[in-house]
>>> print(open('target.cif').read())   # mmCIF, C-alpha atoms
data_my_file
#
loop_
_atom_site.label_atom_id
_atom_site.label_comp_id
_atom_site.auth_asym_id
_atom_site.auth_seq_id
_atom_site.Cartn_x
_atom_site.Cartn_y
_atom_site.Cartn_z
CA MET A 30 -125.29 39.99 -31.42
CA THR A 31 -124.47 40.34 -27.73
CA VAL A 32 -123.30 37.10 -26.16
CA LYS A 33 -124.94 36.82 -22.75
CA LYS A 34 -123.57 33.48 -21.56
CA ILE A 35 -120.03 32.29 -22.20
CA ALA A 36 -117.69 29.51 -21.04
CA ILE A 37 -113.97 29.09 -21.62
CA MET A 38 -112.26 25.71 -21.32
CA GLN A 39 -109.21 23.89 -22.64
CA PRO A 40 -109.97 21.25 -25.27
CA TYR A 41 -109.98 17.62 -24.11
CA PHE A 42 -110.09 14.17 -25.70
CA PHE A 43 -113.68 12.85 -25.57
CA PRO A 44 -114.30 14.71 -22.29
CA TYR A 45 -116.79 13.68 -19.61
CA ILE A 46 -120.44 14.67 -19.84
CA GLY A 47 -120.01 17.73 -17.61
CA TYR A 48 -117.96 19.34 -20.38
CA PHE A 49 -120.89 18.97 -22.78
CA GLN A 50 -123.29 20.25 -20.14
CA LEU A 51 -121.18 23.39 -20.00
CA ILE A 52 -121.21 23.79 -23.79
CA ASN A 53 -124.97 23.21 -23.89
CA THR A 54 -125.62 25.81 -21.18
CA VAL A 55 -123.93 28.80 -22.84
CA ASP A 56 -124.37 30.86 -26.00
CA LYS A 57 -120.68 30.76 -26.92
CA PHE A 58 -117.98 28.31 -25.90
CA VAL A 59 -114.32 29.29 -26.19
CA PHE A 60 -111.71 26.60 -26.82
CA TYR A 61 -108.83 27.82 -24.67
CA ASP A 62 -106.17 26.39 -26.95
CA ASP A 63 -103.35 28.94 -26.65
CA VAL A 64 -102.46 28.14 -23.04
CA ASN A 65 -99.70 25.76 -21.99
CA PHE A 66 -100.19 22.06 -22.63
CA ILE A 67 -100.03 20.07 -19.38
CA LYS A 68 -97.99 16.95 -19.97
CA GLY A 69 -99.55 14.05 -18.09
CA GLY A 70 -102.88 15.87 -17.90
CA PHE A 71 -106.18 15.08 -19.59
CA VAL A 72 -105.96 17.20 -22.73
CA ASN A 73 -104.98 14.14 -24.77
CA ARG A 74 -106.19 11.40 -22.40
CA ASN A 75 -109.38 9.89 -21.04
CA SER A 76 -110.83 6.61 -19.81
CA ILE A 77 -113.24 4.00 -21.14
CA LEU A 78 -114.74 0.83 -19.70
CA LEU A 79 -112.99 -2.50 -20.13
CA GLY A 80 -113.96 -5.55 -18.10
CA ASN A 81 -115.80 -3.43 -15.51
CA LYS A 82 -112.65 -1.36 -14.93
CA SER A 83 -111.43 2.00 -16.14
CA LEU A 84 -108.95 1.84 -19.06
CA ARG A 85 -106.84 4.86 -19.99
CA ILE A 86 -106.83 5.91 -23.68
CA ASN A 87 -104.51 8.42 -25.32
CA VAL A 88 -103.88 10.52 -28.42
CA MET A 89 -100.25 9.87 -29.32
CA LEU A 90 -98.26 13.08 -29.70
CA LYS A 91 -94.99 14.33 -31.20
CA LYS A 92 -92.52 15.89 -28.77
CA ALA A 93 -95.21 17.08 -26.38
CA SER A 94 -93.95 19.64 -23.87
CA SER A 95 -95.43 21.77 -21.12
CA PHE A 96 -93.45 24.65 -22.62
CA LYS A 97 -95.67 24.54 -25.73
CA LYS A 98 -99.20 25.85 -26.18
CA ILE A 99 -101.94 23.32 -26.87
CA ASN A 100 -102.30 24.62 -30.43
CA GLU A 101 -98.56 24.08 -30.97
CA ILE A 102 -98.71 20.35 -30.18
CA THR A 103 -98.91 17.92 -33.09
CA ILE A 104 -100.27 14.38 -33.31
CA ASN A 105 -98.01 11.44 -34.09
CA ASN A 106 -99.61 9.93 -37.18
CA GLN A 107 -96.50 7.91 -37.97
CA ILE A 108 -97.57 5.16 -35.58
CA ASN A 109 -100.76 3.16 -35.82
CA TRP A 110 -102.36 4.30 -32.55
CA GLN A 111 -105.74 5.11 -34.13
CA LYS A 112 -106.49 1.56 -35.28
CA LYS A 113 -105.26 0.14 -31.97
CA LEU A 114 -107.54 2.51 -30.08
CA LEU A 115 -110.53 1.70 -32.27
CA LYS A 116 -109.92 -2.00 -31.67
CA GLN A 117 -109.91 -1.37 -27.89
CA ILE A 118 -113.17 0.56 -28.13
CA SER A 119 -114.74 -2.15 -30.28
CA GLN A 120 -113.68 -4.88 -27.86
CA SER A 121 -114.98 -2.87 -24.91
CA TYR A 122 -118.36 -1.86 -26.30
CA SER A 123 -119.35 -4.26 -29.09
CA LYS A 124 -122.30 -5.51 -27.01
CA ALA A 125 -123.38 -2.05 -25.79
CA PRO A 126 -126.92 -1.06 -26.87
CA GLN A 127 -125.84 1.97 -28.93
CA PHE A 128 -122.65 0.45 -30.37
CA ASP A 129 -123.59 0.44 -34.07
CA VAL A 130 -124.44 4.15 -34.18
CA ILE A 131 -121.79 5.44 -31.79
CA TYR A 132 -118.87 3.36 -33.07
CA ASN A 133 -119.32 4.90 -36.52
CA LEU A 134 -119.21 8.36 -34.94
CA ILE A 135 -116.13 7.54 -32.85
CA GLU A 136 -114.36 5.99 -35.82
CA LYS A 137 -114.93 9.10 -37.91
CA ILE A 138 -113.52 11.30 -35.14
CA ILE A 139 -110.44 9.19 -34.40
CA LEU A 140 -109.49 8.65 -38.06
CA ASN A 141 -109.56 12.39 -38.78
CA LYS A 142 -106.24 13.37 -40.41
CA GLU A 143 -105.90 16.69 -38.56
CA GLU A 144 -102.30 16.91 -37.29
CA CYS A 145 -102.75 19.83 -34.87
CA LEU A 146 -103.90 18.54 -31.47
CA SER A 147 -106.19 21.51 -30.92
CA GLY A 148 -107.92 21.05 -34.28
CA PHE A 149 -108.21 17.30 -33.76
CA LEU A 150 -109.82 17.67 -30.35
CA LYS A 151 -112.16 20.40 -31.53
CA GLN A 152 -113.50 18.40 -34.47
CA GLY A 153 -114.24 15.51 -32.13
CA ILE A 154 -116.12 17.65 -29.64
CA VAL A 155 -118.03 19.44 -32.42
CA GLN A 156 -119.10 16.12 -33.93
CA VAL A 157 -120.41 14.89 -30.57
CA CYS A 158 -122.25 18.21 -30.15
CA ASN A 159 -123.78 17.80 -33.61
CA TYR A 160 -124.96 14.30 -32.71
CA LEU A 161 -126.58 15.65 -29.53
CA ASP A 162 -128.09 18.66 -31.36
CA ILE A 163 -126.06 21.14 -29.29
CA GLU A 164 -126.02 24.35 -31.34
CA THR A 165 -123.66 26.47 -29.21
CA GLU A 166 -121.06 28.41 -31.20
CA ILE A 167 -117.55 27.08 -30.53
CA ILE A 168 -114.49 29.24 -31.26
CA ASN A 169 -110.73 29.09 -30.62
CA SER A 170 -109.11 31.60 -28.28
CA SER A 171 -105.96 31.44 -30.41
CA LYS A 172 -107.71 32.85 -33.48
CA ILE A 173 -109.68 35.79 -32.12
CA TYR A 174 -108.82 37.76 -29.01
CA GLU A 175 -105.17 38.87 -29.34
CA ASN A 176 -104.70 39.08 -25.58
CA LYS A 177 -102.08 36.41 -24.93
CA GLU A 178 -100.14 38.82 -22.73
CA LEU A 179 -102.91 38.60 -20.13
CA LYS A 180 -102.95 35.78 -17.59
CA GLY A 181 -105.50 33.97 -15.43
CA LYS A 182 -108.70 35.78 -14.57
CA GLU A 183 -107.52 38.99 -16.26
CA ARG A 184 -107.67 37.23 -19.59
CA ILE A 185 -111.09 35.76 -18.76
CA PHE A 186 -112.35 39.28 -17.98
CA ASP A 187 -110.99 40.56 -21.29
CA ILE A 188 -112.58 37.79 -23.35
CA CYS A 189 -115.93 38.38 -21.66
CA LYS A 190 -115.69 42.10 -22.38
CA GLN A 191 -114.70 41.57 -26.00
CA GLU A 192 -117.74 39.31 -26.36
CA ARG A 193 -119.91 41.77 -24.40
CA SER A 194 -120.81 38.88 -22.14
CA SER A 195 -122.41 39.53 -18.77
CA HIS A 196 -122.51 35.91 -17.57
CA TYR A 197 -119.54 33.56 -17.27
CA PHE A 198 -119.91 29.83 -16.56
CA ASN A 199 -117.14 27.61 -15.22
CA ALA A 200 -116.88 23.97 -14.25
CA ILE A 201 -117.17 23.35 -10.51
CA GLY A 202 -113.43 22.76 -10.27
CA GLY A 203 -112.89 26.47 -10.83
CA ILE A 204 -114.48 27.34 -7.49
CA ALA A 205 -111.03 27.29 -5.90
CA LEU A 206 -109.64 29.66 -8.55
CA TYR A 207 -112.24 32.36 -9.09
CA ASP A 208 -114.06 34.71 -6.75
CA LYS A 209 -117.61 35.76 -7.63
CA GLN A 210 -117.17 39.26 -6.23
CA GLU A 211 -114.13 39.89 -8.43
CA PHE A 212 -116.24 39.03 -11.45
CA LEU A 213 -119.09 41.23 -10.24
CA ASN A 214 -116.60 44.09 -9.93
CA GLU A 215 -116.15 43.68 -13.70
CA SER A 216 -119.96 43.55 -14.25
CA ILE A 217 -119.83 39.80 -14.95
CA LYS A 218 -121.95 37.22 -13.15
CA LEU A 219 -120.04 34.01 -12.37
CA ASP A 220 -121.72 30.63 -11.96
CA PHE A 221 -120.12 27.24 -11.36
CA LEU A 222 -121.69 24.18 -12.98
CA LYS A 223 -121.72 20.97 -10.94
CA THR A 224 -122.86 17.80 -12.68
CA GLY A 225 -125.58 15.91 -10.82
CA GLU A 226 -125.43 12.21 -10.07
CA ILE A 227 -125.44 10.37 -13.38
CA LYS A 228 -125.72 6.58 -13.33
CA TYR A 229 -126.83 4.17 -16.01
CA ALA A 230 -126.67 0.47 -16.77
CA GLN A 231 -123.29 -0.75 -17.95
CA PHE A 232 -122.49 -4.42 -18.49
CA ALA A 233 -122.00 -5.36 -14.84
CA ASN A 234 -123.94 -4.46 -11.71
CA THR A 235 -121.21 -2.16 -10.36
CA PHE A 236 -121.27 1.24 -12.03
CA VAL A 237 -117.88 2.67 -13.04
CA PRO A 238 -118.11 6.49 -12.92
CA ASN A 239 -116.09 9.37 -14.38
CA LEU A 240 -115.50 7.88 -17.82
CA SER A 241 -115.33 9.55 -21.22
CA ILE A 242 -118.43 10.68 -23.09
CA ILE A 243 -117.80 7.56 -25.21
CA ASP A 244 -119.13 5.41 -22.36
CA VAL A 245 -122.21 7.59 -21.88
CA LEU A 246 -123.04 7.46 -25.58
CA MET A 247 -122.53 3.71 -25.89
CA PHE A 248 -125.01 2.85 -23.13
CA ASN A 249 -127.65 5.55 -23.55
CA SER A 250 -129.97 6.68 -26.31
CA LYS A 251 -129.57 10.14 -27.79
CA VAL A 252 -132.74 11.29 -26.01
CA ASP A 253 -131.50 10.00 -22.65
CA VAL A 254 -128.12 11.73 -23.07
CA GLN A 255 -129.89 14.97 -23.96
CA LYS A 256 -131.77 14.68 -20.66
CA MET A 257 -128.47 14.13 -18.86
CA LEU A 258 -127.21 17.41 -20.28
CA LEU A 259 -129.72 19.15 -18.02
CA ASN A 260 -128.73 17.23 -14.88
CA TYR A 261 -126.62 19.84 -13.13
CA LYS A 262 -126.77 22.55 -10.49
CA LEU A 263 -125.35 26.05 -10.55
CA SER A 264 -123.59 27.49 -7.53
#
>>> encode(input="target.cif", output="structure tokens")
Amino acid sequence: MTVKKIAIMQPYFFPYIGYFQLINTVDKFVFYDDVNFIKGGFVNRNSILLGNKSLRINVMLKKASSFKKINEITINNQINWQKKLLKQISQSYSKAPQFDVIYNLIEKIILNKEECLSGFLKQGIVQVCNYLDIETEIINSSKIYENKELKGKERIFDICKQERSSHYFNAIGGIALYDKQEFLNESIKLDFLKTGEIKYAQFANTFVPNLSIIDVLMFNSKVDVQKMLLNYKLS
């Protein structure tokens, strides 16, 4: 089957809703897991709500290095970070309207015994997609394309061609990196997805934006989150 719409993104830890909008928009989503891990970046980090403020959460890693690929990084399961994190989430959201359903989902994701960071992050994102009835095929770049020698947009072009994709979607942050005409020269249409304004009731009157999908799921019904998945513009 010809894949018409494709997106390629690094895996992240409980990413923001725009990430899931991107997955939901395309026919195939590529986990870009054989590129360099960025130490101090958001691959293994995110934020949740605590006391009307943003609280950073982390996946604890073993000897993480920017000289390693994401799929070469392993999780530190020798320390009890999972239970500590679950306690933080429980304390933060125990009175949230969707807590009972979503905490069980989050607990299942965090307690997964996968030691490879890439595999751990993927199973979490896939489980959130399953909850939201997102049926997009998700694959790992490290297992399929055999084009690691290519860099930047040249590798994007090659993946699109291998998938026979004519339409590439990128998060709005990529607008500074990619030129639409260069993609058109390769017979690929490029669109950037920009998430619309998304606000919802949290505990306090002041809305804290840009938090993990955990926050969105805790305060909104499944149906409402599915509507949010469509709240974006293409440019």
>>> resolve_selection(input="target.cif", expression="the PyMOL selection byres ((chain A and resi 61) around 9)", output="PyMOL selection string")
chain A and resi 37-40+59-60+62-64+99+168-171
>>> residues_around(input="target.cif", residues="Tyr207 (chain A)", least_positions_apart="3", cutoff="10 Å", atoms="all atoms listed in the file", output="list of chain:residue names")
A:Gly181, A:Lys182, A:Asn199, A:Gly202, A:Gly203, A:Ile204, A:Gln210, A:Glu211, A:Phe212, A:Leu219, A:Phe221
>>> residues_near_point(input="target.cif", point="(-105.5, 39.7, -26.3)", cutoff="8 Å", atoms="only C-alpha atoms", output="list in words")
Tyr174, Glu175, Asn176, Lys177, Glu178, Leu179, Arg184, Asp187 and Ile188 of chain A
>>> write_last_selection(input="target.cif", atoms="C-alpha atoms", output="tab-separated table (two decimals), in the frame of the given file")
chain	number	residue	atom	x	y	z
A	174	TYR	CA	-108.82	37.76	-29.01
A	175	GLU	CA	-105.17	38.87	-29.34
A	176	ASN	CA	-104.70	39.08	-25.58
A	177	LYS	CA	-102.08	36.41	-24.93
A	178	GLU	CA	-100.14	38.82	-22.73
A	179	LEU	CA	-102.91	38.60	-20.13
A	184	ARG	CA	-107.67	37.23	-19.59
A	187	ASP	CA	-110.99	40.56	-21.29
A	188	ILE	CA	-112.58	37.79	-23.35
>>> axis_aligned_box(input="target.cif", around="region 101-115 of chain A", padding_each_side="4 Å", output="AutoDock Vina command-line options")
--center_x -103.5 --center_y 12.1 --center_z -34.0 --size_x 22.0 --size_y 31.9 --size_z 15.9
>>> closest_atom_pairs(input="target.cif", of="region 118-218 of chain A", to="region 44-51 of chain A", cutoff="12 Å", atoms="only C-alpha atoms", output="Markdown table")
| residue | atom | partner | partner_atom | distance |
| --- | --- | --- | --- | --- |
| A:Leu150 | CA | A:Pro44 | CA | 9.7 |
| A:Lys151 | CA | A:Pro44 | CA | 11.1 |
| A:Gly153 | CA | A:Pro44 | CA | 9.9 |
| A:Ile154 | CA | A:Pro44 | CA | 8.1 |
| A:Val155 | CA | A:Phe49 | CA | 10.1 |
| A:Gln156 | CA | A:Phe49 | CA | 11.6 |
| A:Val157 | CA | A:Phe49 | CA | 8.8 |
| A:Cys158 | CA | A:Phe49 | CA | 7.5 |
| A:Asn159 | CA | A:Phe49 | CA | 11.3 |
| A:Tyr160 | CA | A:Phe49 | CA | 11.7 |
| A:Leu161 | CA | A:Phe49 | CA | 9.4 |
| A:Asp162 | CA | A:Phe49 | CA | 11.2 |
| A:Ile163 | CA | A:Phe49 | CA | 8.6 |
| A:Glu164 | CA | A:Phe49 | CA | 11.3 |
| A:Thr165 | CA | A:Leu51 | CA | 10.0 |
| A:Ile167 | CA | A:Phe49 | CA | 11.7 |
| A:Tyr197 | CA | A:Leu51 | CA | 10.7 |
| A:Phe198 | CA | A:Leu51 | CA | 7.4 |
| A:Asn199 | CA | A:Leu51 | CA | 7.5 |
| A:Ala200 | CA | A:Leu51 | CA | 7.2 |
| A:Ile201 | CA | A:Gly47 | CA | 9.5 |
| A:Gly202 | CA | A:Gly47 | CA | 11.1 |
>>> resolve_selection(input="target.cif", expression="the PyMOL selection byres ((chain A and resi 231) around 10)", output="ChimeraX atom specification")
/A:78,81,122,125-126,228-230,232-237,244-245,247-249
>>> closest_residue(input="target.cif", among="A:Lys116, A:Lys172, A:Lys142, A:Lys137", to="Ile104 (chain A)", atoms="only C-alpha atoms")
A:Lys142
>>> atom_distance(input="target.cif", atom1="CA of Lys218 (chain A)", atom2="CA of Ala205 (chain A)")
16.4 Å
>>> residues_near_point(input="target.cif", point="(-115.3, -1.2, -33.6)", cutoff="9 Å", atoms="all atoms listed in the file", output="ChimeraX atom specification")
/A:115-123,128-129,132-133,135-136
>>> atom_distance(input="target.cif", atom1="CA of Ile77 (chain A)", atom2="CA of Gln152 (chain A)")
19.6 Å
>>> closest_residue(input="target.cif", among="A:Ile217, A:Val88, A:Ile139, A:Leu206", to="Cys189 (chain A)", atoms="all atoms listed in the file")
A:Ile217
>>> resolve_selection(input="target.cif", expression="the PyMOL selection byres ((chain A and resi 145) around 7)", output="list in words")
Asn100, Ile102, Thr103, Ile104, Glu143, Glu144, Leu146, Ser147, Gly148 and Phe149 of chain A
>>> atom_distance(input="target.cif", atom1="CA of Asn53 (chain A)", atom2="CA of Val130 (chain A)")
21.7 Å
>>> residues_around(input="target.cif", residues="Lys262 (chain A)", least_positions_apart="4", cutoff="9 Å", atoms="only C-alpha atoms", output="number ranges by chain")
A: 221-225
>>> closest_residue(input="target.cif", among="A:Val72, A:Ile138, A:Val252, A:Leu84", to="Leu240 (chain A)", atoms="only C-alpha atoms")
A:Leu84
>>> closest_residue(input="target.cif", among="A:Ser241, A:Ser264, A:Ser250, A:Gln255", to="Ser76 (chain A)", atoms="all atoms listed in the file")
A:Ser241
